[in-house]
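Enquirer: This structure is in structure tokens; I'll ask about it shortly.
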Amino acid sequence: MNKFKSFLLGCLCIAPALTLQAKGNTEFAHCYQNVPFPMPEIKRPNIPNYQINIVDMGAKNDGRTLNTDVFAKAMRTLKEKGGGRIIVPAGIWLTGPIEFENNTELHLEVGALLFFTDDRSQYPLVDSYYEGLSSKRCKSPLTAFNKHDIAITGQGSIDGNGQAWRPVKKMKLTEKQWQNLLKSGGTTNEEGKIWYISKEVLNISEDPMYFQNARISGSDEAWELLHDYLRPVMVSFVGCKNILLEDASFENSPAWNIHPNMCENLIINNVQVRNPWYAQNGDGLDIESCKNVLVVNSSFDVGDDAICIKSGRDKEGRERGIPTENVVIYGNTVYHGHGGFVIGSEMSGGAKNILVRNCVFTGTDVGLRFKSTRGRGGVVENIWCDKVFMTSIEGEAVIFDLFYSVAADDPIPQASAETPDFHKIYISNVNCQNAKKAIKMNGLPELPLNDIFFKDCYFHAKLGAEINQVKSVTLENTTIENEKGPRITQRNTIKIIEK
């Protein structure tokens, strides 16, 4: 029987009939149980037994000595030895960017704080990616490009010193925090509502011609003018295979926190990801065009989307054509974020075969967030969200918004390769206590949302469900308890099936 029919006839979540994948005695066996798509077992990276203690290389943990050259020397030594582990003991280790070699592990012992310098000149411009497009960016604090078998482990912490880069909106701070920020230096925009690290960054932020000139001319001089504006993500792994992030804390990034891009075989286990809630573009984890991913037993408390699926933006993303696929997100907690679990909006390469299970979202702006817009294209399908538990959601428990950053009164185009296509999305055993709105679905008239299934869900919210531009949505054994207004409002919707 087709697995989608089985889903509808049986139970969306975890019925024996849906046991498509059950792994053997692996440490993550519980994550592979009853995954509704073929999910390969992901192995840990191969790290040789050879190891280096950073102290023996001459590094100092006084929080004042810059250890960039020592970490580079340690990585070169591991490369010569065929790989191994760098041990970082307790202390404050000030450093600039660290770039990984093949078969290398950075291990942070208890009490170790890897603290990246606020000297922005230490982060040269490099060819990189941001928000789904190739671009120059400042080099990330933790970088790997086309490497294999790399790891960051241990119970220490990594601090990206993000306050040396990020703009801050006044509305997100208390008056005392705002006044302290003003005393630290920098400048504000004319309205006095946004703080910037410098007048130069303010000017670039308010005048898009700077960025356009750099892209058009491609000159080093034009790009260098933008240096301090081009904030790096903290962890940038591009084109890598066999990656492990385990036990460590990743916090205070200049922009996105962890960004694997076009990577394969990734395990993220028991990490803590934090950015200040006011952090501009302070995403937690952005998984872009990656294949075979486990995100397990981790926590997120961030300033933007928490766990986010991406796959490139617009024409460049479609031409790349690498979807994010085969992803299991299991047993994670999100304390703050614009969305607990998010797909989009840069998803032009598509997303498929993704399972979110046994996760808790508390205090997020939105729970499950699916977003895109005209011009993106891309197909999002075969997405399962099961046993997601939410409390105190400021906006919608579940939202599909394909008008993201598009005016509702724009002319309706013909559906094309530029039209995002979201279908075959299965949401089961969701329990949401206290949201502003239970469900919002806002599809595109030229290609409405289709085959969206809710089963065994409970929503308590001030407002009920708003369903617009949907071809087919099924609500099976789904309770919506709203405090005011209609339970369901529908417009331009062909079929709502309630069971």
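Scheme for the structure tokens: letters A, B, ... for chains in order shown; per-chain residue numbers from 1; ligand numbers from 1 in order shown.
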Looking only at strand (DSSP E or B) from DSSP on the backbone, list the matching residues of region 317-360 of chain A as a list in words.

Expert: Thr324, Glu325, Asn326, Val327, Val328, Ile329, Tyr330, Thr333, Val334, Tyr335, His336, Gly339, Gly340, Phe341, Val342, Ile343, Met347, Ala351, Lys352, Asn353, Ile354, Leu355, Val356, Arg357, Asn358, Cys359 and Val360 of chain A

Enquirer: Based on the selection just made, write N, CA, C and O atoms of those residues as a short mmCIF file (atom, residue, chain, number, x, y, z; two decimals), in the first residue's frame.

Expert:
data_model
loop_
_atom_site.label_atom_id
_atom_site.label_comp_id
_atom_site.auth_asym_id
_atom_site.auth_seq_id
_atom_site.Cartn_x
_atom_site.Cartn_y
_atom_site.Cartn_z
N THR A 324 17.02 19.84 0.58
CA THR A 324 17.33 19.28 1.89
C THR A 324 16.43 18.06 2.07
O THR A 324 15.21 18.16 1.96
N GLU A 325 17.04 16.90 2.35
CA GLU A 325 16.26 15.67 2.39
C GLU A 325 16.85 14.67 3.39
O GLU A 325 18.02 14.73 3.75
N ASN A 326 15.98 13.78 3.83
CA ASN A 326 16.34 12.75 4.81
C ASN A 326 16.84 13.39 6.10
O ASN A 326 18.01 13.34 6.44
N VAL A 327 15.91 14.00 6.80
CA VAL A 327 16.22 14.72 8.04
C VAL A 327 15.30 14.23 9.15
O VAL A 327 14.08 14.18 8.97
N VAL A 328 15.88 13.86 10.28
CA VAL A 328 15.11 13.51 11.47
C VAL A 328 15.47 14.48 12.58
O VAL A 328 16.65 14.61 12.95
N ILE A 329 14.46 15.17 13.09
CA ILE A 329 14.63 16.15 14.16
C ILE A 329 13.86 15.61 15.36
O ILE A 329 12.63 15.57 15.36
N TYR A 330 14.59 15.16 16.38
CA TYR A 330 13.98 14.33 17.43
C TYR A 330 14.38 14.84 18.83
O TYR A 330 15.56 15.04 19.12
N THR A 333 14.18 20.91 22.21
CA THR A 333 13.39 21.93 22.89
C THR A 333 13.77 23.31 22.38
O THR A 333 14.95 23.62 22.25
N VAL A 334 12.76 24.10 22.05
CA VAL A 334 12.98 25.49 21.63
C VAL A 334 12.32 26.40 22.67
O VAL A 334 11.12 26.30 22.93
N TYR A 335 13.12 27.29 23.26
CA TYR A 335 12.62 28.19 24.29
C TYR A 335 12.20 29.54 23.73
O TYR A 335 11.32 30.19 24.25
N HIS A 336 12.87 29.99 22.70
CA HIS A 336 12.50 31.24 22.07
C HIS A 336 12.97 31.21 20.63
O HIS A 336 14.02 30.65 20.33
N GLY A 339 10.34 30.97 14.97
CA GLY A 339 9.64 29.72 14.69
C GLY A 339 10.37 28.58 15.35
O GLY A 339 11.60 28.56 15.40
N GLY A 340 9.63 27.61 15.89
CA GLY A 340 10.27 26.44 16.49
C GLY A 340 10.90 25.57 15.42
O GLY A 340 12.11 25.31 15.42
N PHE A 341 10.07 25.10 14.49
CA PHE A 341 10.56 24.39 13.30
C PHE A 341 10.06 25.16 12.09
O PHE A 341 8.88 25.51 11.99
N VAL A 342 10.98 25.40 11.13
CA VAL A 342 10.67 26.29 10.01
C VAL A 342 11.18 25.67 8.71
O VAL A 342 12.27 25.10 8.66
N ILE A 343 10.38 25.80 7.65
CA ILE A 343 10.87 25.54 6.30
C ILE A 343 10.72 26.83 5.50
O ILE A 343 9.63 27.38 5.38
N MET A 347 13.90 28.25 -0.05
CA MET A 347 13.78 26.80 -0.23
C MET A 347 13.63 26.45 -1.70
O MET A 347 12.94 25.50 -2.06
N ALA A 351 12.53 20.68 -0.50
CA ALA A 351 12.73 19.98 0.77
C ALA A 351 11.80 18.77 0.79
O ALA A 351 10.63 18.88 0.40
N LYS A 352 12.32 17.63 1.23
CA LYS A 352 11.49 16.42 1.24
C LYS A 352 12.04 15.42 2.26
O LYS A 352 13.20 15.48 2.65
N ASN A 353 11.16 14.52 2.67
CA ASN A 353 11.54 13.45 3.61
C ASN A 353 12.15 14.03 4.88
O ASN A 353 13.33 13.85 5.19
N ILE A 354 11.30 14.74 5.62
CA ILE A 354 11.71 15.36 6.87
C ILE A 354 10.72 14.99 7.96
O ILE A 354 9.50 15.07 7.76
N LEU A 355 11.24 14.56 9.10
CA LEU A 355 10.41 14.17 10.24
C LEU A 355 10.82 14.98 11.47
O LEU A 355 11.99 15.01 11.84
N VAL A 356 9.82 15.63 12.09
CA VAL A 356 10.01 16.32 13.36
C VAL A 356 9.18 15.55 14.39
O VAL A 356 7.97 15.40 14.22
N ARG A 357 9.83 15.08 15.45
CA ARG A 357 9.10 14.24 16.41
C ARG A 357 9.57 14.51 17.84
O ARG A 357 10.74 14.75 18.10
N ASN A 358 8.61 14.45 18.76
CA ASN A 358 8.90 14.56 20.20
C ASN A 358 9.68 15.84 20.53
O ASN A 358 10.70 15.80 21.21
N CYS A 359 9.18 16.96 20.03
CA CYS A 359 9.83 18.25 20.29
C CYS A 359 8.91 19.15 21.10
O CYS A 359 7.68 19.03 21.04
N VAL A 360 9.51 20.06 21.84
CA VAL A 360 8.80 21.00 22.70
C VAL A 360 9.15 22.42 22.29
O VAL A 360 10.33 22.75 22.17
#

Enquirer: Taking only C-alpha atoms into account, which of A:Ser205, A:Ala279, A:Asn477, A:Gln490 comes nearest Asn189 (chain A)?

Expert: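 Using only C-alpha atoms, Asn189 (chain A) sits closest to A:Ser205.
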
Enquirer: What lies within 10 Å of Thr117 (chain A) using only C-alpha atoms, ignoring chain neighbours under 3 positions off, as a VMD selection string?

Expert: chain A and resid 63 to 64 66 to 68 93 to 97 114 120 to 123 141 159 to 162 164

Enquirer: Identify, with DSSP run on backbone atoms, the residues in region 292-453 of chain A assigned to alpha helix (DSSP H), and express the list as a list in words.

Expert: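 Matching residues, listed in order: Asp314, Lys315, Glu316, Gly317, Arg318, Glu319 and Arg320 of chain A.
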
Enquirer: Write out, as a Markdown table, each residue of region 229-346 of chain A that has an atom at most 10 Å from region 30-47 of chain A, together with the closest pair of atoms and their distance in Å to one decimal, counting only C-alpha atoms, rows going by chain and rising number.

Expert:
| residue | atom | partner | partner_atom | distance |
| --- | --- | --- | --- | --- |
| A:Lys241 | CA | A:Pro45 | CA | 8.5 |
| A:Asn242 | CA | A:Pro45 | CA | 5.0 |
| A:Ile243 | CA | A:Pro45 | CA | 6.0 |
| A:Leu244 | CA | A:Arg44 | CA | 6.6 |
| A:Leu245 | CA | A:Arg44 | CA | 10.0 |
| A:Glu264 | CA | A:Ile42 | CA | 9.4 |
| A:Asn265 | CA | A:Ile42 | CA | 5.8 |
| A:Leu266 | CA | A:Ile42 | CA | 7.3 |
| A:Ile267 | CA | A:Ile42 | CA | 7.4 |
| A:Asn292 | CA | A:Ile42 | CA | 7.0 |
| A:Val293 | CA | A:Ile42 | CA | 7.6 |
| A:Leu294 | CA | A:Ile42 | CA | 7.8 |
| A:Val295 | CA | A:Cys31 | CA | 9.5 |
| A:Val296 | CA | A:Cys31 | CA | 8.0 |
| A:Glu325 | CA | A:Met39 | CA | 9.5 |
| A:Asn326 | CA | A:Met39 | CA | 5.9 |
| A:Val327 | CA | A:Met39 | CA | 8.0 |
| A:Val328 | CA | A:Cys31 | CA | 7.2 |
| A:Ile329 | CA | A:Cys31 | CA | 8.3 |
| A:Tyr330 | CA | A:Cys31 | CA | 6.4 |
| A:Gly331 | CA | A:Cys31 | CA | 8.7 |

Enquirer: Write the residues of the selection above to a file with C-alpha atoms, as a PDB file, in the first residue's frame.

Expert:
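Dumped to selection.pdb:
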ATOM      1  CA  LYS A 241      30.647  15.109   4.635  1.00  0.00           C
ATOM      2  CA  ASN A 242      30.458  13.232   7.934  1.00  0.00           C
ATOM      3  CA  ILE A 243      29.986  15.962  10.529  1.00  0.00           C
ATOM      4  CA  LEU A 244      29.369  15.740  14.276  1.00  0.00           C
ATOM      5  CA  LEU A 245      28.390  18.547  16.656  1.00  0.00           C
ATOM      6  CA  GLU A 264      25.957  15.169   3.794  1.00  0.00           C
ATOM      7  CA  ASN A 265      25.786  12.915   6.850  1.00  0.00           C
ATOM      8  CA  LEU A 266      25.370  15.331   9.747  1.00  0.00           C
ATOM      9  CA  ILE A 267      24.722  14.518  13.412  1.00  0.00           C
ATOM     10  CA  ASN A 292      21.032  12.685   5.799  1.00  0.00           C
ATOM     11  CA  VAL A 293      20.735  14.709   8.985  1.00  0.00           C
ATOM     12  CA  LEU A 294      19.978  13.937  12.641  1.00  0.00           C
ATOM     13  CA  VAL A 295      19.185  16.757  15.082  1.00  0.00           C
ATOM     14  CA  VAL A 296      18.731  15.120  18.462  1.00  0.00           C
ATOM     15  CA  GLU A 325      16.264  15.666   2.386  1.00  0.00           C
ATOM     16  CA  ASN A 326      16.343  12.746   4.810  1.00  0.00           C
ATOM     17  CA  VAL A 327      16.222  14.725   8.043  1.00  0.00           C
ATOM     18  CA  VAL A 328      15.108  13.506  11.472  1.00  0.00           C
ATOM     19  CA  ILE A 329      14.628  16.153  14.165  1.00  0.00           C
ATOM     20  CA  TYR A 330      13.983  14.328  17.430  1.00  0.00           C
ATOM     21  CA  GLY A 331      13.623  15.271  21.091  1.00  0.00           C
TER      22      GLY A 331
END

Enquirer: To one decimal place, how far is CA of Arg231 (chain A) from CA of Gly321 (chain A) in Å?

Expert: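 The value is 26.2 Å.
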
Enquirer: Calculate how many Å separate CA of Ser134 (chain A) from CA of Gly350 (chain A), rounding to one decimal.

Expert: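 It comes out at 17.4 Å.
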
Enquirer: Write out as a ChimeraX atom specification which residues come within 8 Å of Ser140 (chain A) when counting only C-alpha atoms, dropping same-chain ones fewer than 2 positions away.

Expert: /A:97,123,138,142-143,232-236

Enquirer: To one decimal place, how far is CA of Ile383 (chain A) from CA of Ser428 (chain A) in Å?

Expert: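 For CA of Ile383 (chain A) relative to CA of Ser428 (chain A), the distance reads 11.2 Å.
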
Enquirer: Would you kindly return, as a PyMOL selection string, each protein, DNA or RNA residue with an atom no farther than 10 Å from any atom of region 213-224 of chain A, considering only C-alpha atoms and excluding same-chain residues fewer than 2 positions away?

Expert: chain A and resi 124-125+135-138+208-211+226-230

Enquirer: Between A:Gly375, A:Lys436, A:Asn442, A:Lys315, which residue has the minimum interatomic distance to Gln414 (chain A), considering only C-alpha atoms?

Expert: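 Among the listed residues, A:Gly375 lies closest to Gln414 (chain A).
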
Enquirer: Skip Lys462 (chain A) itself and residues of its chain fewer than 4 positions away, then list as a list of chain:residue names all residues within 8 Å of it, counting only C-alpha atoms.

Expert: A:Asn434, A:Ala435, A:Lys436, A:Lys437, A:Ala438, A:Asn482, A:Glu483, A:Lys484

Enquirer: Determine the nearest neighbour of Ile87 (chain A) from the options A:Phe71, A:Tyr426, A:Phe100, A:Trp277, counting only C-alpha atoms.

Expert: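 For Ile87 (chain A), the nearest of the candidates is A:Phe71.
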
Enquirer: Which residues come within 12 Å of Leu181 (chain A), counting only C-alpha atoms, excluding same-chain residues fewer than 2 positions away, as a ChimeraX atom specification?

Expert: /A:163-164,166-170,173-179,183-188,194-197

Enquirer: Include C-alpha atoms and write out the residues we just selected as a compact mmCIF listing (two decimals), in the first residue's frame.

Expert:
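Listed below is the output, result11.txt:
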# COMPACT_ATOMS: atom_id res chain seq x y z
CA GLN A 163 27.54 42.18 19.83
CA ALA A 164 30.61 43.44 17.96
CA ARG A 166 24.90 43.07 15.05
CA PRO A 167 22.50 46.01 14.77
CA VAL A 168 19.98 46.23 17.62
CA LYS A 169 16.40 47.51 17.57
CA LYS A 170 15.41 49.75 20.47
CA LEU A 173 15.53 46.28 24.78
CA THR A 174 14.58 47.79 28.10
CA GLU A 175 15.33 51.49 28.48
CA LYS A 176 18.32 50.73 30.71
CA GLN A 177 19.70 48.22 28.21
CA TRP A 178 19.26 50.73 25.40
CA GLN A 179 21.05 53.50 27.32
CA LYS A 183 27.14 54.46 25.96
CA SER A 184 29.17 51.64 24.40
CA GLY A 185 29.68 53.62 21.17
CA GLY A 186 28.27 53.12 17.70
CA THR A 187 25.44 55.21 16.28
CA THR A 188 21.70 55.15 15.65
CA ILE A 194 18.10 51.09 15.49
CA TRP A 195 21.66 51.01 16.83
CA TYR A 196 24.60 50.18 14.55
CA ILE A 197 28.23 49.46 15.33

Enquirer: In terms of the shortest atom-to-atom distance over only C-alpha atoms, which of A:Thr364, A:Thr65, A:Asn103, A:Ser348 is closest to Pro420 (chain A)?

Expert: A:Ser348
